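Asker: What follows is run_3.cif; its format and atoms are mmCIF, C-alpha atoms.
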data_target
loop_
_atom_site.label_atom_id
_atom_site.label_comp_id
_atom_site.auth_asym_id
_atom_site.auth_seq_id
_atom_site.Cartn_x
_atom_site.Cartn_y
_atom_site.Cartn_z
CA THR O 287 0.00 0.00 0.00
CA PRO O 288 1.48 3.40 -0.93
CA LEU O 289 2.76 5.43 2.00
CA ASN O 290 1.68 9.00 2.59
CA ASP O 291 3.22 11.84 0.60
CA CYS O 292 5.75 12.80 3.24
CA MET O 293 7.15 9.30 3.54
CA ASN O 294 7.31 8.89 -0.22
CA LEU O 295 9.35 12.07 -0.47
CA ARG O 296 11.68 11.13 2.32
CA LEU O 297 12.23 7.58 1.14
CA ALA O 298 12.81 8.69 -2.43
CA PHE O 299 15.47 11.19 -1.50
CA LEU O 300 17.20 8.90 0.93
CA MET O 301 17.63 6.48 -1.94
CA LEU O 302 19.55 9.17 -3.76
CA ASN O 303 22.72 8.76 -1.73
CA SER O 304 24.85 11.14 -3.71
CA LEU O 305 24.28 14.41 -5.44
CA ASN O 306 25.87 13.09 -8.61
CA PHE O 307 23.38 10.24 -8.68
CA PHE O 308 20.59 12.75 -8.10
CA LYS O 309 21.90 14.82 -10.99
CA ASP O 310 22.02 11.82 -13.33
CA CYS O 311 18.54 10.61 -12.41
CA PHE O 312 16.81 13.96 -12.68
CA SER O 313 18.58 15.69 -15.52
CA PHE O 314 15.40 16.87 -17.18
CA LYS O 315 13.79 20.22 -17.86
CA ILE O 316 11.55 21.48 -15.09
CA ASP O 317 8.76 22.14 -17.56
CA LYS O 318 8.32 22.91 -21.22
CA SER O 319 8.77 26.62 -20.71
CA ASP O 320 11.88 26.35 -18.54
CA SER O 321 15.21 25.23 -19.96
CA MET O 322 16.83 25.03 -16.51
CA LYS O 323 17.85 21.56 -15.40
CA VAL O 324 17.88 20.15 -11.89
CA HIS O 325 21.59 20.58 -11.28
CA GLU O 326 21.25 24.23 -12.28
CA LEU O 327 18.67 25.02 -9.60
CA PRO O 328 19.66 27.04 -6.51
CA GLN O 329 18.36 24.27 -4.26
CA PHE O 330 20.79 21.85 -5.86
CA THR O 331 23.65 24.32 -5.40
CA ALA O 332 22.64 24.64 -1.74
CA LEU O 333 22.84 20.87 -1.36
CA GLN O 334 26.30 20.83 -2.88
CA THR O 335 27.37 23.50 -0.40
CA ALA O 336 25.86 21.49 2.45
CA ALA O 337 27.70 18.38 1.29
CA ALA O 338 31.00 20.24 1.38
CA SER O 339 30.30 21.55 4.89
CA PHE O 340 29.62 18.03 6.17
CA LYS O 341 33.12 17.08 5.09
CA SER O 342 34.86 20.04 6.69
CA ASP O 343 32.83 20.97 9.79
CA GLU O 344 33.59 18.77 12.80
CA LYS O 345 30.29 19.76 14.41
CA LEU O 346 28.55 18.02 11.51
CA HIS O 347 30.36 14.73 12.02
CA LEU O 348 27.82 11.92 12.33
CA ARG O 349 28.85 11.07 15.90
CA ASN O 350 27.95 14.61 16.92
CA LEU O 351 24.75 14.68 14.91
CA CYS O 352 23.60 11.44 16.52
CA SER O 353 24.05 12.89 19.99
CA ASP O 354 21.39 15.51 19.24
CA SER O 355 18.19 13.84 20.46
CA SER O 356 15.84 16.44 19.01
CA ARG O 357 17.48 16.11 15.58
CA CYS O 358 17.22 12.32 15.71
CA ALA O 359 13.56 12.46 16.72
CA GLY O 360 12.82 14.74 13.78
CA LEU O 361 14.41 12.39 11.27
CA VAL O 362 12.02 9.49 11.79
CA ALA O 363 8.85 8.78 9.84
CA SER O 364 6.33 6.00 10.37
CA HIS O 365 3.24 4.57 8.73
CA GLU O 366 0.75 2.17 10.28
CA ALA O 367 -1.52 0.05 8.08
CA ASP O 368 -5.10 -0.86 8.92
CA SER O 369 -3.84 -4.33 9.82
CA GLY O 370 -1.66 -2.84 12.55
CA ALA O 371 1.58 -3.51 10.68
CA LYS O 372 3.95 -0.59 11.00
CA ILE O 373 6.79 0.72 8.88
CA ILE O 374 9.37 2.88 10.64
CA LEU O 375 11.87 4.84 8.58
CA ASP O 376 14.73 6.07 10.76
CA TYR O 377 17.23 8.08 8.75
CA SER O 378 18.80 9.90 11.67
CA ARG O 379 22.01 7.94 11.01
CA GLN O 380 22.37 9.68 7.68
CA GLN O 381 24.60 12.74 7.52
CA VAL O 382 21.76 15.21 7.19
CA THR O 383 20.11 17.84 9.35
CA GLY O 384 16.57 19.10 9.39
CA GLU O 385 17.73 21.98 7.24
CA THR O 386 19.22 19.58 4.70
CA MET O 387 15.91 17.78 4.43
CA GLU O 388 14.01 21.02 3.97
CA VAL O 389 16.24 21.90 1.01
CA LEU O 390 15.60 18.42 -0.42
CA PHE O 391 11.85 18.94 -0.03
CA ASP O 392 12.13 22.33 -1.71
CA LEU O 393 13.98 20.72 -4.59
CA ALA O 394 11.32 18.02 -4.79
CA ASP O 395 8.63 20.68 -5.04
CA LYS O 396 10.56 22.59 -7.69
CA VAL O 397 10.96 19.57 -9.98
CA GLY O 398 7.35 18.48 -9.48
CA PHE O 399 8.22 15.25 -7.71
CA THR O 400 4.72 14.61 -6.35
CA ALA O 401 3.09 15.28 -9.72
CA LYS O 402 5.55 12.96 -11.44
CA ARG O 403 4.91 10.24 -8.85
CA ASP O 404 1.18 10.63 -9.41
CA LYS O 405 1.71 10.30 -13.17
CA MET O 406 3.49 7.02 -12.49
CA ARG O 407 0.60 5.76 -10.36
CA SER O 408 -1.94 6.77 -13.00
CA GLY O 409 -0.28 4.59 -15.62
CA ALA O 410 1.25 7.36 -17.73
CA LYS O 411 4.15 6.11 -19.83
CA ILE O 412 6.88 7.80 -17.84
CA ASN O 413 9.47 5.31 -19.14
CA THR O 414 10.02 7.39 -22.25
CA THR O 415 12.98 5.32 -23.43
CA GLU O 416 10.82 2.23 -23.94
CA GLY O 417 7.44 3.95 -24.13
CA ARG O 418 6.08 2.03 -21.13
CA SER O 419 4.21 2.60 -17.92
CA VAL O 420 6.02 2.01 -14.62
CA LEU O 421 3.67 0.14 -12.30
CA HIS O 422 5.81 -2.02 -10.03
CA HIS O 423 4.01 -0.48 -7.05
CA ALA O 424 0.84 -2.27 -8.23
CA LEU O 425 2.51 -5.59 -7.45
CA ARG O 426 2.19 -4.82 -3.73
CA MET O 427 -1.47 -3.83 -3.80
CA PRO O 428 -3.81 -6.27 -2.00
CA LYS O 429 -6.92 -7.80 -3.51
CA GLY O 430 -9.76 -5.32 -3.56
CA TYR O 431 -7.46 -2.31 -3.63
CA ASP O 432 -9.09 0.68 -5.30
CA TYR O 433 -6.70 1.45 -8.11
CA SER O 434 -9.15 3.65 -10.00
CA VAL O 435 -6.55 6.42 -10.25
CA ASN O 436 -5.28 4.35 -13.18
CA PRO O 437 -7.89 3.95 -15.97
CA GLU O 438 -6.63 0.39 -16.45
CA GLY O 439 -6.20 -0.24 -12.74
CA LYS O 440 -8.93 -2.85 -12.47
CA ASP O 441 -7.35 -4.98 -15.20
CA VAL O 442 -3.88 -4.50 -13.71
CA MET O 443 -5.10 -5.73 -10.32
CA SER O 444 -6.85 -8.68 -11.92
CA ASP O 445 -3.72 -9.71 -13.81
CA VAL O 446 -1.44 -9.31 -10.79
CA HIS O 447 -3.60 -11.44 -8.51
CA ALA O 448 -4.25 -14.07 -11.15
CA VAL O 449 -0.49 -14.71 -11.27
CA ARG O 450 -0.23 -14.62 -7.47
CA ASP O 451 -3.01 -17.19 -7.18
CA LYS O 452 -1.31 -19.38 -9.79
CA ILE O 453 1.97 -19.18 -7.86
CA GLU O 454 0.25 -20.07 -4.59
CA ALA O 455 -1.46 -23.08 -6.14
CA PHE O 456 1.79 -24.35 -7.67
CA THR O 457 3.97 -23.83 -4.61
CA ASN O 458 1.39 -25.53 -2.40
CA LYS O 459 1.55 -28.56 -4.71
CA VAL O 460 5.33 -28.62 -4.39
CA ARG O 461 5.19 -28.30 -0.61
CA ASN O 462 2.55 -30.98 -0.08
CA GLY O 463 4.21 -33.44 -2.44
CA GLU O 464 1.58 -33.32 -5.18
CA PHE O 465 4.05 -31.92 -7.73
CA ILE O 466 7.04 -34.25 -7.70
CA GLY O 467 10.05 -35.18 -9.83
CA THR O 468 10.07 -37.80 -12.57
CA THR O 469 11.20 -40.59 -10.24
CA GLY O 470 8.49 -39.81 -7.70
CA LYS O 471 10.77 -38.08 -5.19
CA GLU O 472 9.74 -34.88 -3.46
CA LEU O 473 11.40 -31.71 -4.77
CA LYS O 474 13.53 -30.28 -1.99
CA ASN O 475 16.29 -28.39 -3.82
CA PHE O 476 15.63 -25.21 -5.76
CA ILE O 477 18.09 -23.41 -8.04
CA CYS O 478 17.14 -19.93 -9.23
CA VAL O 479 18.88 -19.13 -12.50
CA GLY O 480 18.91 -15.42 -13.28
CA ILE O 481 21.04 -12.31 -13.25
CA GLY O 482 20.70 -8.69 -12.19
CA GLY O 483 17.21 -7.90 -10.96
CA SER O 484 16.21 -11.49 -11.57
CA GLN O 485 18.72 -12.65 -8.97
CA LEU O 486 19.69 -9.91 -6.52
CA GLY O 487 16.23 -9.01 -5.20
CA PRO O 488 15.10 -12.57 -4.49
CA GLU O 489 18.46 -13.45 -2.95
CA PHE O 490 18.35 -10.43 -0.65
CA VAL O 491 14.83 -11.34 0.46
CA ASN O 492 15.96 -14.91 1.11
CA GLU O 493 18.83 -13.66 3.25
CA ALA O 494 16.49 -11.41 5.22
CA LEU O 495 13.98 -14.20 5.83
CA LYS O 496 16.65 -16.46 7.29
CA ALA O 497 16.33 -14.42 10.47
CA ASP O 498 12.55 -14.88 10.63
CA ALA O 499 11.52 -17.81 12.81
CA SER O 500 8.39 -18.74 10.84
CA ALA O 501 10.23 -18.52 7.50
CA ALA O 502 13.11 -20.61 8.83
CA LYS O 503 10.69 -23.27 10.04
CA ALA O 504 8.84 -23.34 6.72
CA SER O 505 12.11 -23.87 4.84
CA GLU O 506 13.38 -26.75 6.96
CA GLY O 507 14.62 -29.61 4.81
CA ARG O 508 14.77 -27.46 1.70
CA THR O 509 17.73 -25.88 -0.08
CA LEU O 510 17.54 -22.66 -2.12
CA ARG O 511 20.47 -21.47 -4.21
CA PHE O 512 21.05 -18.75 -6.77
CA LEU O 513 23.08 -19.06 -9.95
CA ALA O 514 24.08 -15.94 -11.91
CA ASN O 515 27.75 -16.33 -12.81
CA VAL O 516 28.51 -18.33 -15.96
CA ASP O 517 31.74 -19.65 -14.46
CA PRO O 518 31.52 -23.48 -14.55
CA VAL O 519 33.18 -23.57 -11.13
CA ASP O 520 30.19 -21.70 -9.71
CA PHE O 521 27.83 -24.20 -11.27
CA GLU O 522 29.81 -27.09 -9.81
CA LEU O 523 29.75 -25.52 -6.34
CA CYS O 524 26.04 -24.81 -6.66
CA THR O 525 25.06 -28.35 -7.63
CA ARG O 526 27.73 -30.73 -6.34
CA ASP O 527 25.82 -31.83 -3.24
CA LEU O 528 22.34 -31.81 -4.80
CA ASP O 529 20.37 -34.78 -6.08
CA PRO O 530 18.88 -34.09 -9.55
CA GLU O 531 15.91 -36.29 -8.62
CA GLU O 532 14.99 -33.80 -5.91
CA THR O 533 15.89 -30.58 -7.71
CA LEU O 534 13.74 -27.96 -9.40
CA ILE O 535 15.31 -25.33 -11.66
CA ILE O 536 13.64 -21.90 -11.82
CA VAL O 537 14.76 -19.95 -14.89
CA ILE O 538 14.08 -16.25 -14.42
CA SER O 539 14.36 -14.13 -17.54
CA LYS O 540 11.93 -11.52 -18.80
CA THR O 541 12.74 -12.11 -22.47
CA PHE O 542 14.24 -15.60 -22.10
CA THR O 543 17.18 -14.36 -24.14
CA THR O 544 19.61 -13.03 -21.51
CA ALA O 545 22.92 -14.61 -22.55
CA GLU O 546 24.25 -15.51 -19.10
CA THR O 547 20.91 -16.79 -17.86
CA MET O 548 20.25 -18.94 -20.90
CA LEU O 549 23.75 -20.46 -20.81
CA ASN O 550 23.23 -21.41 -17.18
CA ALA O 551 19.70 -22.63 -17.93
CA ARG O 552 20.97 -24.97 -20.65
CA THR O 553 23.75 -26.18 -18.36
CA ALA O 554 21.29 -26.82 -15.53
CA LYS O 555 18.87 -28.60 -17.85
CA LYS O 556 21.67 -30.86 -19.11
CA TRP O 557 22.74 -31.57 -15.52
CA ILE O 558 19.20 -32.62 -14.63
CA ILE O 559 18.75 -34.77 -17.75
CA ASP O 560 22.17 -36.46 -17.39
CA GLY O 561 21.62 -37.05 -13.69
CA LEU O 562 18.25 -38.68 -14.22
CA ALA O 563 19.48 -40.68 -17.20
CA ALA O 564 21.86 -42.34 -14.77
CA LYS O 565 18.77 -43.35 -12.79
CA GLY O 566 17.16 -44.89 -15.88
CA VAL O 567 14.92 -41.96 -16.87
CA THR O 568 15.54 -41.15 -20.52
CA ASP O 569 12.58 -39.01 -21.59
CA ALA O 570 14.18 -35.54 -21.73
CA GLY O 571 10.83 -33.87 -22.35
CA GLU O 572 9.26 -35.36 -19.26
CA ILE O 573 12.33 -34.52 -17.17
CA THR O 574 12.28 -30.88 -18.28
CA SER O 575 8.55 -30.53 -17.66
CA LYS O 576 8.91 -31.88 -14.11
CA HIS O 577 12.20 -30.28 -13.12
CA VAL O 578 12.31 -26.88 -14.86
CA ILE O 579 9.89 -23.97 -14.48
CA ALA O 580 10.16 -20.38 -15.65
CA VAL O 581 9.38 -16.81 -14.69
CA SER O 582 9.16 -14.93 -17.96
CA THR O 583 7.06 -12.91 -20.37
CA ALA O 584 8.30 -14.98 -23.33
CA ILE O 585 5.83 -17.86 -23.11
CA ASP O 586 6.62 -19.35 -26.53
CA SER O 587 10.36 -19.39 -25.86
CA CYS O 588 9.80 -21.14 -22.53
CA ILE O 589 7.64 -23.79 -24.20
CA ASP O 590 10.30 -24.28 -26.90
CA PHE O 591 12.78 -24.89 -24.06
CA GLY O 592 10.58 -27.76 -22.90
CA ILE O 593 8.85 -26.06 -19.98
CA ASP O 594 5.22 -26.92 -19.34
CA GLU O 595 3.07 -23.85 -20.01
CA ALA O 596 1.26 -24.47 -16.72
CA ASN O 597 4.58 -23.89 -14.95
CA ILE O 598 5.41 -20.55 -16.56
CA PHE O 599 4.72 -17.58 -14.31
CA GLY O 600 4.45 -14.27 -16.10
CA PHE O 601 4.88 -10.63 -15.35
CA TRP O 602 4.50 -7.52 -17.45
CA GLU O 603 6.48 -5.03 -19.49
CA TRP O 604 5.72 -2.37 -16.89
CA VAL O 605 7.86 -4.24 -14.33
CA GLY O 606 11.46 -3.06 -14.53
CA GLY O 607 14.14 -5.57 -13.59
CA ARG O 608 15.40 -3.66 -10.57
CA PHE O 609 11.85 -3.39 -9.22
CA SER O 610 10.76 -6.95 -9.98
CA VAL O 611 11.19 -8.61 -6.59
CA CYS O 612 7.48 -8.24 -5.75
CA SER O 613 6.50 -9.91 -9.03
CA ALA O 614 6.72 -13.62 -9.85
CA VAL O 615 10.50 -13.04 -10.02
CA GLY O 616 10.66 -12.88 -6.23
CA ILE O 617 7.44 -14.59 -5.15
CA VAL O 618 7.96 -17.96 -6.86
#
Go ahead and express the file in the form of structure tokens.
Answerer:
Amino acid sequence: TPLNDCMNLRLAFLMLNSLNFFKDCFSFKIDKSDSMKVHELPQFTALQTAAASFKSDEKLHLRNLCSDSSRCAGLVASHEADSGAKIILDYSRQQVTGETMEVLFDLADKVGFTAKRDKMRSGAKINTTEGRSVLHHALRMPKGYDYSVNPEGKDVMSDVHAVRDKIEAFTNKVRNGEFIGTTGKELKNFICVGIGGSQLGPEFVNEALKADASAAKASEGRTLRFLANVDPVDFELCTRDLDPEETLIIVISKTFTTAETMLNARTAKKWIIDGLAAKGVTDAGEITSKHVIAVSTAIDSCIDFGIDEANIFGFWEWVGGRFSVCSAVGIV
């Protein structure tokens, strides 16, 4: 669920951890009548001056800033959902002051940050490079969410939850032993083959969940690994202690053409087929359909690879790779 305007502003600007990055990301004209760019604005110059003072003024060292209780209290934002779940954003350990944040907010107002965010939510094609909408936030919206701000919001919500429901049904079958390998063994080992946004987000979430008691309990007896590097040594280390009979490969590729991913996918497929051939299973098509699934938008390419269409979990062109963790890329 989207946070309130203040939190969106604060979170967005905290993500911009350097002025150079800010300059690169927002190097656009303020409006059609104004040729001035973001890094030419006085607010941006003020931020550059502030950045220099943080480096030279001992009073602005982080250890001194953190000893100011009133400053720290002012650099915390929170949001509580109807369910009682609460998000707390504490950025008091960043080298900023209240004045720094005010300049950032002024800059946000000057460049029309809120209006641009609202354009994103409404489905406007703000990805001008590819001519696409940017709707990754819709992936987090619960069933029944009123997304009428987007003219196509109802269809977007329907598509998102149809895939979620499909994922839930499939993963439940894997967990309860209904979906099994070709030799009848339960699937306990899972190798995610992907790179970039198709690997980093899910792996980070997996690392975070290791510290959660309920997640740790749910994963007992199961092994999850990630394969991105095309180095054969990495593949050997990833698979050397796994039984192909009990292994499921998840190929994650939006276009199913990413060179590194497809090389690893073919290697993993061969490893599965060779391993099961040694057990007397020789039908490569059956092996692939039972031991390889995909997260992709390229349905035909996945089917050509031998993957059962029922085990292909899609997402949409409006999901950018770096924002894809809340899509099938991360949920499967």
Asker: Identify which of the residues O:Asp529, O:Leu390, O:Glu572, O:Leu510 lies closest to Leu327 (chain O), counting all atoms listed in the file when measuring atom-to-atom distances.
Answerer: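 For Leu327 (chain O), the nearest of the given residues is O:Leu390.
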Asker: Any chance you could resolve the PyMOL selection byres ((chain O and resi 528) around 12) against this file and give the residues as a list in words?
Answerer: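 Selection result, ordered by chain and number: Leu473, Lys474, Asn475, Phe476, Ile477, Arg508, Thr509, Leu510, Arg511, Phe521, Glu522, Leu523, Cys524, Thr525, Arg526, Asp527, Asp529, Pro530, Glu531, Glu532, Thr533, Leu534, Ile535, Ala554, Trp557, Ile558 and Gly561 of chain O.
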Asker: Name the residues that the PyMOL selection byres ((chain O and resi 592) around 12) pulls out of this structure, and write them as a ChimeraX atom specification.
Answerer: /O:537,551-552,555,559,569-580,585-591,593-598
Asker: Show which residues sit within 10 Å of region 342-349 of chain O, as a list in words. Count only C-alpha atoms, and ignore same-chain residues fewer than 3 positions away.
Answerer: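 In the requested format, the answer is Ala337, Ala338, Ser339, Cys352, Ser353, Asp354, Ser378, Arg379, Gln380, Gln381, Val382 and Thr383 of chain O.
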Asker: Which residues are near region 407-418 of chain O? Cut-off 10 Å, all atoms listed in the file, ignore same chain within fewer than 4 positions. Put them as a ChimeraX atom specification.
Answerer: /O:288,401-403,422-424,433-439,442,603-606
Asker: May I have the residues from that selection written out with C-alpha atoms, as a short mmCIF file (atom, residue, chain, number, x, y, z; two decimals), keeping the file's coordinate frame?
Answerer:
data_model
loop_
_atom_site.label_atom_id
_atom_site.label_comp_id
_atom_site.auth_asym_id
_atom_site.auth_seq_id
_atom_site.Cartn_x
_atom_site.Cartn_y
_atom_site.Cartn_z
CA PRO O 288 1.48 3.40 -0.93
CA ALA O 401 3.09 15.28 -9.72
CA LYS O 402 5.55 12.96 -11.44
CA ARG O 403 4.91 10.24 -8.85
CA HIS O 422 5.81 -2.02 -10.03
CA HIS O 423 4.01 -0.48 -7.05
CA ALA O 424 0.84 -2.27 -8.23
CA TYR O 433 -6.70 1.45 -8.11
CA SER O 434 -9.15 3.65 -10.00
CA VAL O 435 -6.55 6.42 -10.25
CA ASN O 436 -5.28 4.35 -13.18
CA PRO O 437 -7.89 3.95 -15.97
CA GLU O 438 -6.63 0.39 -16.45
CA GLY O 439 -6.20 -0.24 -12.74
CA VAL O 442 -3.88 -4.50 -13.71
CA GLU O 603 6.48 -5.03 -19.49
CA TRP O 604 5.72 -2.37 -16.89
CA VAL O 605 7.86 -4.24 -14.33
CA GLY O 606 11.46 -3.06 -14.53
#
Asker: I need the output of the PyMOL selection byres ((chain O and resi 492) around 12) for this file as a list in words; which residues are they?
Answerer: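 Given this file, the PyMOL selection byres ((chain O and resi 492) around 12) evaluates to Cys478, Gln485, Leu486, Gly487, Pro488, Glu489, Phe490, Val491, Glu493, Ala494, Leu495, Lys496, Ala497, Asp498, Ala501, Ala502, Ser505, Thr509, Leu510, Arg511, Phe512, Val611, Gly616, Ile617 and Val618 of chain O.
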Asker: Would you please work out which residue, of O:Ser356, O:Asp451, O:Leu393, O:Ile374, is nearest to Thr331 (chain O) when using all atoms listed in the file?
Answerer: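 Nearest candidate to Thr331 (chain O) out of O:Ser356, O:Asp451, O:Leu393, O:Ile374: O:Leu393.
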Asker: Generate all heavy atoms for region 533-542 of chain O and emit them as an mmCIF file, in the coordinates of the input.
Answerer:
data_model
loop_
_atom_site.group_PDB
_atom_site.id
_atom_site.type_symbol
_atom_site.label_atom_id
_atom_site.label_comp_id
_atom_site.auth_asym_id
_atom_site.auth_seq_id
_atom_site.Cartn_x
_atom_site.Cartn_y
_atom_site.Cartn_z
ATOM 1 N N THR O 533 15.552 -31.973 -7.406
ATOM 2 C CA THR O 533 15.890 -30.580 -7.710
ATOM 3 C C THR O 533 14.952 -29.975 -8.744
ATOM 4 O O THR O 533 14.610 -30.600 -9.749
ATOM 5 C CB THR O 533 17.343 -30.489 -8.220
ATOM 6 O OG1 THR O 533 18.228 -30.994 -7.203
ATOM 7 C CG2 THR O 533 17.721 -29.044 -8.531
ATOM 8 N N LEU O 534 14.554 -28.741 -8.472
ATOM 9 C CA LEU O 534 13.740 -27.960 -9.400
ATOM 10 C C LEU O 534 14.524 -26.714 -9.815
ATOM 11 O O LEU O 534 15.042 -25.983 -8.960
ATOM 12 C CB LEU O 534 12.426 -27.536 -8.729
ATOM 13 C CG LEU O 534 11.436 -26.736 -9.587
ATOM 14 C CD1 LEU O 534 10.862 -27.618 -10.702
ATOM 15 C CD2 LEU O 534 10.306 -26.170 -8.726
ATOM 16 N N ILE O 535 14.621 -26.495 -11.120
ATOM 17 C CA ILE O 535 15.310 -25.330 -11.660
ATOM 18 C C ILE O 535 14.284 -24.250 -11.975
ATOM 19 O O ILE O 535 13.273 -24.524 -12.644
ATOM 20 C CB ILE O 535 16.085 -25.680 -12.949
ATOM 21 C CG1 ILE O 535 17.008 -26.878 -12.730
ATOM 22 C CG2 ILE O 535 16.849 -24.471 -13.472
ATOM 23 C CD1 ILE O 535 18.138 -26.638 -11.764
ATOM 24 N N ILE O 536 14.513 -23.036 -11.493
ATOM 25 C CA ILE O 536 13.640 -21.900 -11.820
ATOM 26 C C ILE O 536 14.432 -20.937 -12.691
ATOM 27 O O ILE O 536 15.380 -20.301 -12.218
ATOM 28 C CB ILE O 536 13.142 -21.179 -10.551
ATOM 29 C CG1 ILE O 536 12.413 -22.140 -9.614
ATOM 30 C CG2 ILE O 536 12.233 -20.014 -10.929
ATOM 31 C CD1 ILE O 536 13.226 -22.598 -8.443
ATOM 32 N N VAL O 537 14.073 -20.851 -13.960
ATOM 33 C CA VAL O 537 14.760 -19.950 -14.890
ATOM 34 C C VAL O 537 14.005 -18.622 -14.893
ATOM 35 O O VAL O 537 12.817 -18.563 -15.217
ATOM 36 C CB VAL O 537 14.803 -20.530 -16.316
ATOM 37 C CG1 VAL O 537 15.578 -19.595 -17.242
ATOM 38 C CG2 VAL O 537 15.433 -21.919 -16.309
ATOM 39 N N ILE O 538 14.716 -17.558 -14.536
ATOM 40 C CA ILE O 538 14.080 -16.250 -14.420
ATOM 41 C C ILE O 538 14.686 -15.318 -15.470
ATOM 42 O O ILE O 538 15.851 -14.912 -15.374
ATOM 43 C CB ILE O 538 14.285 -15.654 -13.015
ATOM 44 C CG1 ILE O 538 13.832 -16.652 -11.943
ATOM 45 C CG2 ILE O 538 13.538 -14.337 -12.883
ATOM 46 C CD1 ILE O 538 14.170 -16.228 -10.520
ATOM 47 N N SER O 539 13.899 -15.011 -16.469
ATOM 48 C CA SER O 539 14.360 -14.130 -17.540
ATOM 49 C C SER O 539 13.159 -13.510 -18.228
ATOM 50 O O SER O 539 12.318 -14.235 -18.757
ATOM 51 C CB SER O 539 15.213 -14.890 -18.554
ATOM 52 O OG SER O 539 15.582 -14.042 -19.644
ATOM 53 N N LYS O 540 13.088 -12.204 -18.226
ATOM 54 C CA LYS O 540 11.930 -11.520 -18.800
ATOM 55 C C LYS O 540 11.737 -11.898 -20.268
ATOM 56 O O LYS O 540 10.643 -12.248 -20.701
ATOM 57 C CB LYS O 540 12.109 -10.005 -18.654
ATOM 58 C CG LYS O 540 10.877 -9.183 -18.984
ATOM 59 C CD LYS O 540 11.110 -7.731 -18.604
ATOM 60 C CE LYS O 540 9.843 -6.910 -18.754
ATOM 61 N NZ LYS O 540 10.021 -5.506 -18.306
ATOM 62 N N THR O 541 12.820 -11.844 -21.025
ATOM 63 C CA THR O 541 12.740 -12.110 -22.470
ATOM 64 C C THR O 541 13.150 -13.524 -22.839
ATOM 65 O O THR O 541 12.976 -13.936 -23.985
ATOM 66 C CB THR O 541 13.653 -11.139 -23.229
ATOM 67 O OG1 THR O 541 15.014 -11.366 -22.819
ATOM 68 C CG2 THR O 541 13.270 -9.690 -22.941
ATOM 69 N N PHE O 542 13.702 -14.250 -21.873
ATOM 70 C CA PHE O 542 14.240 -15.600 -22.100
ATOM 71 C C PHE O 542 15.338 -15.583 -23.162
ATOM 72 O O PHE O 542 15.525 -16.540 -23.910
ATOM 73 C CB PHE O 542 13.129 -16.578 -22.504
ATOM 74 C CG PHE O 542 13.247 -17.913 -21.801
ATOM 75 C CD1 PHE O 542 13.038 -18.023 -20.437
ATOM 76 C CD2 PHE O 542 13.555 -19.070 -22.502
ATOM 77 C CE1 PHE O 542 13.141 -19.245 -19.779
ATOM 78 C CE2 PHE O 542 13.670 -20.304 -21.864
ATOM 79 C CZ PHE O 542 13.461 -20.379 -20.496
#
